[in-house]
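Source file: input.txt; contents: compact mmCIF, C-alpha atoms.
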# COMPACT_ATOMS: atom_id res chain seq x y z
CA MET Z 5 -8.24 59.58 -128.68
CA SER Z 6 -7.32 61.43 -131.80
CA THR Z 7 -9.89 62.25 -134.46
CA PRO Z 8 -9.03 60.68 -137.81
CA ALA Z 9 -8.05 63.15 -140.47
CA ARG Z 10 -10.87 63.87 -142.91
CA ASP Z 11 -10.80 65.01 -146.45
CA PRO Z 12 -11.55 68.75 -146.69
CA GLY Z 13 -13.96 67.97 -149.52
CA ASP Z 14 -15.88 65.61 -147.23
CA LEU Z 15 -16.05 68.29 -144.57
CA VAL Z 16 -17.41 70.83 -147.01
CA ALA Z 17 -19.94 68.32 -148.32
CA ALA Z 18 -21.00 67.36 -144.83
CA ARG Z 19 -21.42 71.02 -143.89
CA GLN Z 20 -23.47 71.77 -146.99
CA ALA Z 21 -25.58 68.66 -146.56
CA HIS Z 22 -26.18 69.63 -142.96
CA ALA Z 23 -27.22 73.12 -144.00
CA VAL Z 24 -29.60 71.72 -146.61
CA ASN Z 25 -31.04 69.27 -144.13
CA ALA Z 26 -31.50 72.00 -141.58
CA ARG Z 27 -33.32 74.03 -144.20
CA VAL Z 28 -35.38 71.07 -145.42
CA HIS Z 29 -36.37 69.94 -141.98
CA ALA Z 30 -36.56 73.46 -140.54
CA GLY Z 31 -35.48 72.22 -137.16
CA THR Z 32 -38.80 70.62 -136.37
CA LEU Z 33 -37.41 67.17 -135.74
CA THR Z 34 -34.67 66.23 -133.38
CA GLU Z 35 -31.36 65.10 -134.79
CA ALA Z 36 -31.83 61.60 -133.45
CA THR Z 37 -35.13 60.97 -135.23
CA ALA Z 38 -34.92 63.26 -138.22
CA PRO Z 39 -34.59 61.35 -141.50
CA VAL Z 40 -32.29 62.84 -144.10
CA TYR Z 41 -34.20 63.08 -147.38
CA GLU Z 42 -32.10 62.55 -150.46
CA GLY Z 43 -31.99 64.93 -153.39
CA LEU Z 44 -32.31 64.67 -157.13
CA VAL Z 45 -28.66 64.26 -158.04
CA THR Z 46 -27.99 61.47 -155.55
CA ARG Z 47 -31.11 59.63 -156.61
CA GLY Z 48 -30.26 60.20 -160.28
CA ILE Z 49 -26.82 58.67 -159.83
CA ALA Z 50 -28.31 55.67 -158.06
CA PHE Z 51 -30.84 55.27 -160.88
CA ALA Z 52 -28.05 55.51 -163.47
CA ILE Z 53 -26.12 52.76 -161.68
CA ASP Z 54 -29.22 50.58 -161.60
CA SER Z 55 -29.86 51.25 -165.29
CA ALA Z 56 -26.28 50.26 -166.07
CA VAL Z 57 -26.70 47.02 -164.15
CA ILE Z 58 -30.00 46.26 -165.88
CA ASN Z 59 -28.66 46.99 -169.33
CA LEU Z 60 -25.41 45.13 -168.74
CA VAL Z 61 -27.26 42.00 -167.74
CA ALA Z 62 -29.69 42.44 -170.62
CA LEU Z 63 -26.82 42.94 -173.03
CA VAL Z 64 -25.01 39.81 -171.89
CA VAL Z 65 -28.19 37.77 -172.13
CA SER Z 66 -29.20 39.18 -175.51
CA VAL Z 67 -25.71 38.63 -176.97
CA SER Z 68 -25.72 35.04 -175.71
CA VAL Z 69 -29.17 34.38 -177.11
CA GLY Z 70 -28.29 36.14 -180.36
CA LEU Z 71 -25.17 33.99 -180.78
CA ALA Z 72 -27.17 30.87 -180.12
CA LEU Z 73 -29.83 31.90 -182.63
CA SER Z 74 -27.23 32.76 -185.25
CA VAL Z 75 -26.03 29.17 -185.16
CA LEU Z 76 -29.57 27.88 -185.63
CA ASP Z 77 -30.22 30.28 -188.56
CA PRO Z 78 -33.88 30.94 -187.76
CA SER Z 79 -36.44 32.25 -190.17
CA ALA Z 80 -37.58 35.87 -190.27
CA ASN Z 81 -40.72 35.10 -188.33
CA ALA Z 82 -38.74 33.35 -185.63
CA GLU Z 83 -36.44 36.37 -185.37
CA THR Z 84 -39.41 38.67 -184.95
CA LEU Z 85 -40.80 36.37 -182.34
CA ALA Z 86 -37.44 36.28 -180.55
CA LEU Z 87 -37.29 40.09 -180.61
CA ALA Z 88 -40.76 40.33 -179.13
CA VAL Z 89 -39.94 37.83 -176.45
CA GLY Z 90 -36.67 39.66 -175.77
CA ALA Z 91 -38.43 43.00 -175.46
CA PHE Z 92 -40.99 41.54 -173.13
CA ALA Z 93 -38.29 39.88 -171.04
CA TYR Z 94 -36.37 43.15 -170.91
CA ALA Z 95 -39.46 45.00 -169.68
CA VAL Z 96 -40.20 42.34 -167.07
CA TRP Z 97 -36.59 42.33 -165.96
CA SER Z 98 -36.50 46.12 -165.63
CA VAL Z 99 -39.78 46.37 -163.76
CA GLY Z 100 -39.03 43.33 -161.62
CA TYR Z 101 -35.61 44.66 -160.69
CA PHE Z 102 -36.99 47.83 -159.10
CA VAL Z 103 -40.17 46.34 -157.71
CA VAL Z 104 -38.44 43.43 -156.04
CA PHE Z 105 -35.68 45.53 -154.51
CA TRP Z 106 -38.01 48.29 -153.31
CA SER Z 107 -40.43 45.75 -151.82
CA THR Z 108 -37.83 43.62 -150.07
CA THR Z 109 -34.91 45.72 -148.85
CA GLY Z 110 -35.98 49.16 -149.99
CA GLN Z 111 -32.64 49.48 -151.72
CA THR Z 112 -31.54 48.66 -155.23
CA PRO Z 113 -27.82 48.03 -155.71
CA GLY Z 114 -27.45 51.63 -156.84
CA ASP Z 115 -29.30 52.85 -153.75
CA ARG Z 116 -27.08 50.66 -151.61
CA LEU Z 117 -23.97 52.17 -153.13
CA LEU Z 118 -25.25 55.68 -152.57
CA GLN Z 119 -26.57 54.70 -149.13
CA ILE Z 120 -30.13 55.77 -149.76
CA ARG Z 121 -33.36 53.89 -149.19
CA VAL Z 122 -36.92 54.03 -150.52
CA CYS Z 123 -39.48 53.65 -147.78
CA ARG Z 124 -43.05 54.50 -146.87
CA ALA Z 125 -43.47 58.12 -145.83
CA SER Z 126 -45.82 57.14 -143.03
CA ASP Z 127 -43.80 54.64 -141.03
CA GLY Z 128 -40.49 54.09 -142.80
CA ASP Z 129 -41.27 50.52 -143.74
CA VAL Z 130 -40.59 49.08 -147.20
CA LEU Z 131 -43.16 49.62 -149.92
CA ARG Z 132 -45.70 46.96 -150.77
CA PRO Z 133 -45.25 45.42 -154.27
CA ARG Z 134 -48.31 47.17 -155.64
CA LYS Z 135 -47.03 50.55 -154.46
CA SER Z 136 -43.62 49.73 -155.86
CA LEU Z 137 -45.16 48.95 -159.21
CA LEU Z 138 -47.13 52.17 -159.06
CA ARG Z 139 -44.01 54.11 -158.19
CA PHE Z 140 -42.11 52.59 -161.08
CA GLY Z 141 -44.88 53.40 -163.52
CA ALA Z 142 -45.11 56.98 -162.29
CA MET Z 143 -41.34 57.26 -162.49
CA MET Z 144 -41.42 56.26 -166.14
CA LEU Z 145 -44.09 58.87 -166.79
CA CYS Z 146 -41.98 61.52 -165.05
CA ALA Z 147 -39.06 60.56 -167.27
CA LEU Z 148 -41.03 60.93 -170.48
CA PRO Z 149 -40.93 64.78 -170.73
CA LEU Z 150 -37.12 64.76 -170.73
CA PHE Z 151 -37.05 63.99 -166.98
CA ALA Z 152 -38.86 67.25 -166.23
CA GLY Z 153 -41.29 65.32 -164.08
CA PHE Z 154 -38.58 64.93 -161.46
CA LEU Z 155 -38.00 68.67 -161.01
CA PRO Z 156 -40.49 69.04 -158.12
CA ILE Z 157 -37.95 67.09 -156.04
CA LEU Z 158 -35.80 70.24 -156.02
CA VAL Z 159 -38.38 72.36 -154.25
CA ASP Z 160 -40.35 69.86 -152.22
CA ASN Z 161 -39.96 70.00 -148.46
CA ARG Z 162 -39.26 66.30 -148.28
CA ARG Z 163 -37.62 66.07 -151.67
CA ARG Z 164 -40.50 64.07 -153.06
CA GLY Z 165 -41.33 63.77 -156.76
CA PRO Z 166 -44.75 63.07 -158.20
CA HIS Z 167 -44.02 59.33 -158.21
CA ASP Z 168 -43.16 59.54 -154.49
CA ARG Z 169 -46.39 61.35 -153.71
CA LEU Z 170 -48.38 58.85 -155.72
CA ALA Z 171 -46.80 55.84 -154.01
CA GLY Z 172 -46.61 57.51 -150.58
CA SER Z 173 -42.84 57.04 -150.45
CA VAL Z 174 -39.80 59.03 -149.50
CA VAL Z 175 -36.12 58.48 -150.20
CA VAL Z 176 -34.00 58.76 -147.08
CA SER Z 177 -30.37 58.43 -146.23
CA ALA Z 178 -29.40 54.94 -144.98
CA PRO Z 179 -25.80 55.00 -143.85
CA VAL Z 180 -24.27 51.57 -143.52
CA GLU Z 181 -23.01 50.72 -140.05
CA PRO Z 182 -19.32 49.83 -140.16
CA ARG Z 183 -18.80 46.11 -139.81
CA PRO Z 184 -16.94 45.03 -136.64
CA GLY Z 185 -13.32 44.12 -137.11
CA ARG Z 186 -12.86 46.37 -140.14
CA ALA Z 187 -10.19 49.03 -140.03
CA MET U 1 64.91 -11.86 -40.45
CA GLU U 2 64.60 -8.14 -40.77
CA MET U 3 62.86 -6.32 -37.96
CA LYS U 4 60.40 -3.52 -38.69
CA SER U 5 61.21 -0.08 -37.47
CA PRO U 6 59.02 1.03 -34.60
CA LEU U 7 58.76 4.50 -36.23
CA GLY U 8 57.46 3.04 -39.43
CA GLY U 9 54.82 1.14 -37.53
CA LEU U 10 53.78 4.25 -35.79
CA VAL U 11 53.47 6.12 -39.10
CA ALA U 12 51.44 3.34 -40.56
CA VAL U 13 49.12 3.32 -37.60
CA ALA U 14 48.84 7.08 -37.74
CA THR U 15 47.96 7.21 -41.46
CA LEU U 16 45.66 4.25 -41.35
CA PRO U 17 42.49 6.30 -40.80
CA ALA U 18 43.34 8.68 -43.62
CA THR U 19 44.03 5.78 -45.91
CA LEU U 20 40.78 4.19 -44.92
CA ALA U 21 38.97 7.49 -45.44
CA ARG U 22 40.43 7.93 -48.92
CA GLY U 23 39.50 4.42 -49.86
CA GLY U 24 36.03 4.90 -48.51
CA ALA U 25 35.58 8.12 -50.37
CA ARG U 26 36.68 6.52 -53.64
CA VAL U 27 34.31 3.65 -53.16
CA THR U 28 31.54 6.04 -52.28
CA ARG U 29 32.18 8.25 -55.34
CA ARG U 30 32.19 5.25 -57.60
CA ALA U 31 28.99 4.00 -56.05
CA ILE U 32 27.37 7.40 -56.44
CA GLY U 33 28.53 7.61 -60.04
CA ASP U 34 27.17 4.16 -60.81
CA LEU U 35 23.96 5.06 -59.11
CA ALA U 36 23.64 8.33 -61.05
CA GLU U 37 24.37 6.60 -64.36
CA ALA U 38 21.84 3.95 -63.64
CA SER U 39 19.32 6.61 -62.66
CA VAL U 40 19.93 8.58 -65.86
CA ASN U 41 19.66 5.43 -67.98
CA ALA U 42 16.48 4.46 -66.26
CA MET U 43 15.14 7.95 -66.67
CA LEU U 44 15.97 8.07 -70.38
CA GLU U 45 14.44 4.70 -71.00
CA SER U 46 11.34 5.55 -69.08
CA PRO U 47 8.13 6.29 -71.08
CA ARG U 48 7.32 9.00 -68.57
CA THR U 49 10.44 10.87 -69.59
CA GLU U 50 9.31 10.78 -73.20
CA GLN U 51 5.90 12.07 -72.18
CA ILE U 52 7.49 14.85 -70.15
CA VAL U 53 9.71 15.84 -73.08
CA ASP U 54 6.71 15.87 -75.42
CA THR U 55 4.77 17.99 -72.96
CA VAL U 56 7.63 20.45 -72.64
CA LEU U 57 8.14 20.64 -76.39
CA ALA U 58 4.42 21.23 -76.98
CA SER U 59 4.15 23.83 -74.28
CA PRO U 60 3.97 27.59 -74.95
CA LEU U 61 7.03 27.91 -72.79
CA MET U 62 9.10 26.18 -75.43
CA GLU U 63 7.70 28.47 -78.13
CA ARG U 64 8.49 31.54 -76.07
CA THR U 65 11.94 30.22 -75.32
CA LEU U 66 12.64 29.57 -78.97
CA ALA U 67 11.24 32.94 -79.99
CA ARG U 68 13.44 34.72 -77.46
CA ALA U 69 16.44 32.75 -78.57
CA LEU U 70 15.79 33.62 -82.23
CA GLU U 71 15.15 37.27 -81.37
CA GLY U 72 18.41 37.49 -79.51
CA GLN U 73 21.95 37.22 -80.67
CA LEU U 74 21.81 33.47 -81.03
CA VAL U 75 21.11 33.44 -84.73
CA GLU U 76 23.89 35.88 -85.52
CA ALA U 77 26.31 33.98 -83.34
CA LEU U 78 25.34 30.71 -84.97
CA SER U 79 25.65 32.19 -88.44
CA ARG U 80 29.08 33.57 -87.61
CA ASP U 81 30.20 30.19 -86.32
CA VAL U 82 28.75 28.39 -89.33
CA VAL U 83 30.77 30.68 -91.59
CA ARG U 84 33.85 30.66 -89.36
CA TYR U 85 34.09 26.91 -89.17
CA ALA U 86 33.07 26.42 -92.83
CA VAL U 87 30.20 24.22 -91.79
CA LEU U 88 28.32 24.57 -95.06
CA GLU U 89 31.36 23.76 -97.15
CA ARG U 90 32.07 20.71 -95.07
CA VAL U 91 28.50 19.53 -95.27
CA ALA U 92 28.42 20.13 -99.02
CA GLU U 93 31.68 18.26 -99.50
CA ALA U 94 30.43 15.38 -97.44
CA ILE U 95 27.22 15.25 -99.45
CA LEU U 96 28.98 15.47 -102.80
CA GLU U 97 31.65 12.92 -101.91
CA GLY U 98 29.32 10.40 -100.43
CA ASP U 99 26.48 8.46 -101.93
CA ALA U 100 23.90 10.56 -100.17
CA LEU U 101 23.36 12.91 -103.07
CA GLU U 102 22.89 10.13 -105.57
CA SER U 103 20.49 8.31 -103.31
CA VAL U 104 18.57 11.55 -102.72
CA LEU U 105 18.40 12.14 -106.47
CA ASP U 106 17.31 8.58 -107.06
CA ARG U 107 14.61 8.90 -104.48
CA ALA U 108 13.51 12.25 -105.93
CA GLY U 109 13.31 10.67 -109.37
CA ALA U 110 11.39 7.72 -108.04
CA ALA U 111 8.97 10.05 -106.27
CA ASP U 112 8.34 11.91 -109.56
CA VAL U 113 9.72 15.10 -108.06
CA PRO U 114 11.02 16.59 -111.37
CA ARG U 115 7.59 16.31 -113.00
CA ARG U 116 5.89 17.82 -109.96
CA VAL U 117 8.39 20.65 -109.80
CA THR U 118 7.94 21.30 -113.51
CA GLU U 119 4.15 21.30 -113.22
CA ARG U 120 4.33 23.60 -110.24
CA MET U 121 6.60 26.01 -112.09
CA LEU U 122 4.26 25.96 -115.09
CA ALA U 123 1.21 26.48 -112.90
CA ASP U 124 2.82 29.34 -111.00
CA GLY U 125 3.86 31.06 -114.22
CA VAL U 126 7.55 30.80 -113.42
CA VAL U 127 8.35 29.64 -116.94
CA GLU U 128 6.39 32.50 -118.51
CA ARG U 129 8.08 35.04 -116.28
CA THR U 130 11.45 33.58 -117.05
CA VAL U 131 10.82 33.55 -120.79
CA THR U 132 9.45 37.09 -120.64
CA ARG U 133 12.45 38.22 -118.67
CA VAL U 134 14.85 36.60 -121.16
CA LEU U 135 13.01 38.05 -124.14
CA GLU U 136 12.68 41.51 -122.66
CA GLY U 137 16.11 41.62 -121.13
CA PRO U 138 19.15 42.91 -122.95
CA GLU U 139 21.08 39.68 -122.54
CA LEU U 140 19.41 37.78 -125.37
CA GLU U 141 19.74 40.72 -127.73
CA GLN U 142 23.38 41.14 -126.85
CA ALA U 143 24.04 37.45 -127.35
CA LEU U 144 22.23 37.45 -130.71
CA THR U 145 23.99 40.61 -131.82
CA ALA U 146 27.35 39.16 -130.89
CA ALA U 147 26.54 35.93 -132.69
CA LEU U 148 25.30 37.68 -135.82
CA GLU U 149 28.22 40.08 -135.95
CA SER U 150 30.80 37.42 -135.45
CA PRO U 151 32.98 36.53 -138.46
CA GLY U 152 32.18 32.87 -137.86
CA MET U 153 28.48 33.45 -138.48
CA GLU U 154 29.27 35.35 -141.65
CA ARG U 155 31.44 32.54 -142.92
CA LEU U 156 28.77 30.03 -142.02
CA VAL U 157 26.08 31.93 -143.90
CA ILE U 158 28.29 32.31 -146.96
CA ARG U 159 29.07 28.63 -146.95
CA VAL U 160 25.43 27.72 -146.64
CA MET U 161 24.44 30.08 -149.45
CA GLU U 162 27.16 28.77 -151.73
CA SER U 163 26.56 25.15 -150.96
CA ARG U 164 24.77 22.83 -153.35
CA LEU U 165 22.68 21.73 -150.44
CA LEU U 166 20.66 24.94 -150.44
CA ASP U 167 20.05 24.80 -154.18
CA GLU U 168 18.92 21.24 -153.97
CA ALA U 169 16.70 21.99 -150.97
CA VAL U 170 15.04 24.88 -152.77
CA GLU U 171 14.64 22.80 -155.91
CA ARG U 172 13.06 19.94 -154.01
CA LEU U 173 10.84 22.33 -152.10
CA LEU U 174 9.55 23.87 -155.30
CA GLU U 175 8.93 20.47 -156.80
CA SER U 176 7.10 19.15 -153.78
CA GLU U 177 3.37 18.82 -153.98
CA GLU U 178 3.04 19.67 -150.29
CA LEU U 179 4.38 23.20 -150.80
CA TRP U 180 1.77 24.01 -153.41
CA LEU U 181 -0.91 22.44 -151.27
CA LEU U 182 0.24 24.70 -148.45
CA VAL U 183 0.26 27.74 -150.74
CA ARG U 184 -3.22 26.86 -151.95
CA GLU U 185 -4.44 26.41 -148.39
CA ILE U 186 -3.04 29.79 -147.40
CA ALA U 187 -4.38 31.51 -150.51
CA TYR U 188 -7.87 30.16 -149.95
CA SER U 189 -7.83 30.61 -146.19
CA PRO U 190 -10.63 32.79 -144.79
CA GLU U 191 -8.10 35.25 -143.38
CA VAL U 192 -6.45 35.92 -146.74
CA THR U 193 -9.69 36.04 -148.73
CA ASP U 194 -11.21 38.26 -146.07
CA ALA U 195 -8.23 40.61 -146.20
CA LEU U 196 -8.38 40.75 -150.02
CA SER U 197 -12.12 41.37 -150.06
CA HIS U 198 -11.72 44.05 -147.42
CA GLN U 199 -9.12 45.71 -149.57
CA GLY U 200 -11.48 45.63 -152.57
CA VAL U 201 -14.46 46.77 -150.53
CA GLY U 202 -12.34 49.48 -148.97
CA PHE U 203 -11.51 50.89 -152.39
CA ALA U 204 -15.13 50.64 -153.55
CA ASP U 205 -16.23 52.34 -150.33
CA GLN U 206 -13.76 55.10 -150.94
CA VAL U 207 -15.06 55.68 -154.48
CA ALA U 208 -18.69 55.46 -153.38
CA GLY U 209 -18.03 57.83 -150.49
CA SER U 210 -16.52 60.35 -152.83
CA VAL U 211 -19.50 60.03 -155.21
CA ARG U 212 -21.93 60.43 -152.32
CA ALA U 213 -20.21 63.55 -151.05
CA ARG U 214 -20.16 65.14 -154.50
CA SER U 215 -23.78 64.21 -155.25
CA ARG U 216 -24.96 65.75 -152.00
CA ARG U 217 -23.02 68.92 -152.72
CA ALA U 218 -24.65 68.99 -156.14
CA ASP U 219 -28.08 68.44 -154.55
CA ALA U 220 -27.55 71.36 -152.21
CA TRP U 221 -26.39 73.64 -155.00
CA LEU U 222 -29.15 72.61 -157.40
CA GLU U 223 -31.88 73.10 -154.81
CA ARG U 224 -30.48 76.48 -153.85
CA VAL U 225 -30.58 77.55 -157.48
CA ALA U 226 -34.08 76.15 -158.02
CA ARG U 227 -35.48 77.86 -154.93
CA ARG U 228 -33.86 81.12 -155.88
CA ALA U 229 -35.30 80.88 -159.39
CA LEU U 230 -38.76 80.13 -158.07
CA ARG U 231 -38.35 82.70 -155.26
CA ARG U 232 -39.34 80.10 -152.73
CA LYS U 233 -38.33 80.48 -149.13
CA ALA U 234 -36.90 77.81 -146.91
CA ALA U 235 -39.28 75.09 -145.82
CA GLY U 236 -41.50 75.79 -142.86
CA GLU U 237 -43.19 73.36 -140.55
CA LEU U 238 -42.84 69.81 -141.76
CA PRO U 239 -44.93 66.73 -141.17
CA PRO U 240 -43.04 64.09 -139.19
CA GLY U 241 -40.98 61.82 -141.36
CA PRO U 242 -40.56 58.06 -141.08
CA PRO U 243 -38.22 56.73 -138.41
CA VAL U 244 -34.67 56.34 -139.60
CA ASP U 245 -33.76 52.71 -140.17
CA PRO U 246 -30.11 52.47 -141.13
CA ALA U 247 -29.57 49.58 -143.51

Let me see the file written as structure tokens.
Amino acid sequence: MSTPARDPGDLVAARQAHAVNARVHAGTLTEATAPVYEGLVTRGIAFAIDSAVINLVALVVSVSVGLALSVLDPSANAETLALAVGAFAYAVWSVGYFVVFWSTTGQTPGDRLLQIRVCRASDGDVLRPRKSLLRFGAMMLCALPLFAGFLPILVDNRRRGPHDRLAGSVVVSAPVEPRPGRA
Amino acid sequence: MEMKSPLGGLVAVATLPATLARGGARVTRRAIGDLAEASVNAMLESPRTEQIVDTVLASPLMERTLARALEGQLVEALSRDVVRYAVLERVAEAILEGDALESVLDRAGAADVPRRVTERMLADGVVERTVTRVLEGPELEQALTAALESPGMERLVIRVMESRLLDEAVERLLESEELWLLVREIAYSPEVTDALSHQGVGFADQVAGSVRARSRRADAWLERVARRALRRKAAGELPPGPPVDPA
């Protein structure tokens, strides 16, 4: 059987990723069981995708509601109330998005696209909702000082940030198995 | 009155025994012949004879005899004679000229022989082998090539293309509700939708794969820089991580 031709860029990336993994894991775990911890850039891109999804949905909803309210011509108080309700709904939607995905599949849509997964550091299972909530809160705190709170990921042995340590989570690679029958 | 010659009387007397002997012999031969014929008839009509013939035919002796005859020159000699005297041609002519063939065909039809033969051929894969042979063989291709390259085919195609019949057929086809139902069925069929979604997913996979590769390169570079800046060495002994659970 012939090996399918691969993009040279992919080969370089795979080699570098392998080198980083070898350095991160220091050869203590076998290749079959060793999880591949994901780094800051990959996780940042996944988070950006999730933020885009959240804001896109919020934008569509807020525009729809705004159009509906513009027809009704509400009073100033009603507008303030609508803004407050909207802000609350946005916060619930944002928190719920991450908490639900982390607690059910361990993957948000952005994580899925980047093939990474948030799981418990102890046994690899998905986080409990309370831990997910804690992780989200800590993540927001890490983002407050211009995202400087995430920098420990760069030097941590398991690429964990403060929010990971607090929630007892790690972010590992989760490659999708090719579906049967697909070329 | 004429007197007989004494010499003639003497001759007659002298030959009388021989004459008698010849007559006796003739009578005897005839009697023996009749007796033999009667014996043979009785023997042929006898049930014992039939039993004896059956016994002989069923005996190993008969098998050995037949085997030796077939092993010998008998078959070749028979074949030569069959060819020499045109036996097969004569038999075939007799069959074709007479009513035997028709009656045989009628009986075969009545006994459902064609259906049984067809079923047997289908069950034995004769039809498949024949079709495969025709499709794989050069004969069909040659015949098709000859037909397609013939001027007659060209003229026929031109006439069909120029005829009003084709225009009307296409017009009616486009106007028919059934065509659009068929198109809709095909467009919404699981195979087509699956193929289209696979195409879309394939492209998205390609983009995502490229993003993944670049992000991991960036991770490696960024961590190298960070570790160099902080003068940290490569990681040492690690605690065991969670088991990998590919999504």

Discussion item. Would you compute the distance between atom CA of Thr65 of chain U and atom CA of Ser39 of chain U? Give it in Å to one decimal.
Written reply: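 So the two atoms, atom CA of Thr65 of chain U and atom CA of Ser39 of chain U, lie 27.8 Å apart.
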
Fill in: Shortest interatomic distance to chain U - which of Z:His167, Z:Arg134, Z:Arg139, Z:Arg162, counting all atoms listed in the file
Z:Arg162

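From atom CA of Arg129 of chain U back to atom CA of Ala147 of chain U, the distance works out to 24.7 Å.
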
Worksheet entry | Given all atoms listed in the file as the counted atoms, nearest of U:Leu222, U:Ala58, U:Val183, U:Ala229 to chain Z | U:Leu222

Worksheet item: Excluding same-chain residues fewer than 3 positions from segment 97-109 of chain Z, what lies within 6 Å of it counting all atoms listed in the file, as an MDAnalysis selection string?
Response: chainID Z and resid 93:94 112 130:133 136:137

Practice prompt. Name the residues in contact with segment 205-220 of chain U at a cut-off of 6 Å, using only C-alpha atoms, excluding same-chain residues fewer than 2 positions from it; report them as a list in words.
Written response: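 Result of the neighbour search: Ala17, Val24, Gly43, Val45, Thr46 and Leu118 of chain Z; Val201, Gly202, Phe203, Leu222 and Glu223 of chain U.
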
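You will find atom CA of Arg124 of chain Z at 14.4 Å from atom CA of Phe140 of chain Z.
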
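Checking U:Glu50, U:Glu63, U:Asp194, U:Glu149 one by one against chain Z, counting all atoms listed in the file, you find the shortest gap at U:Asp194.
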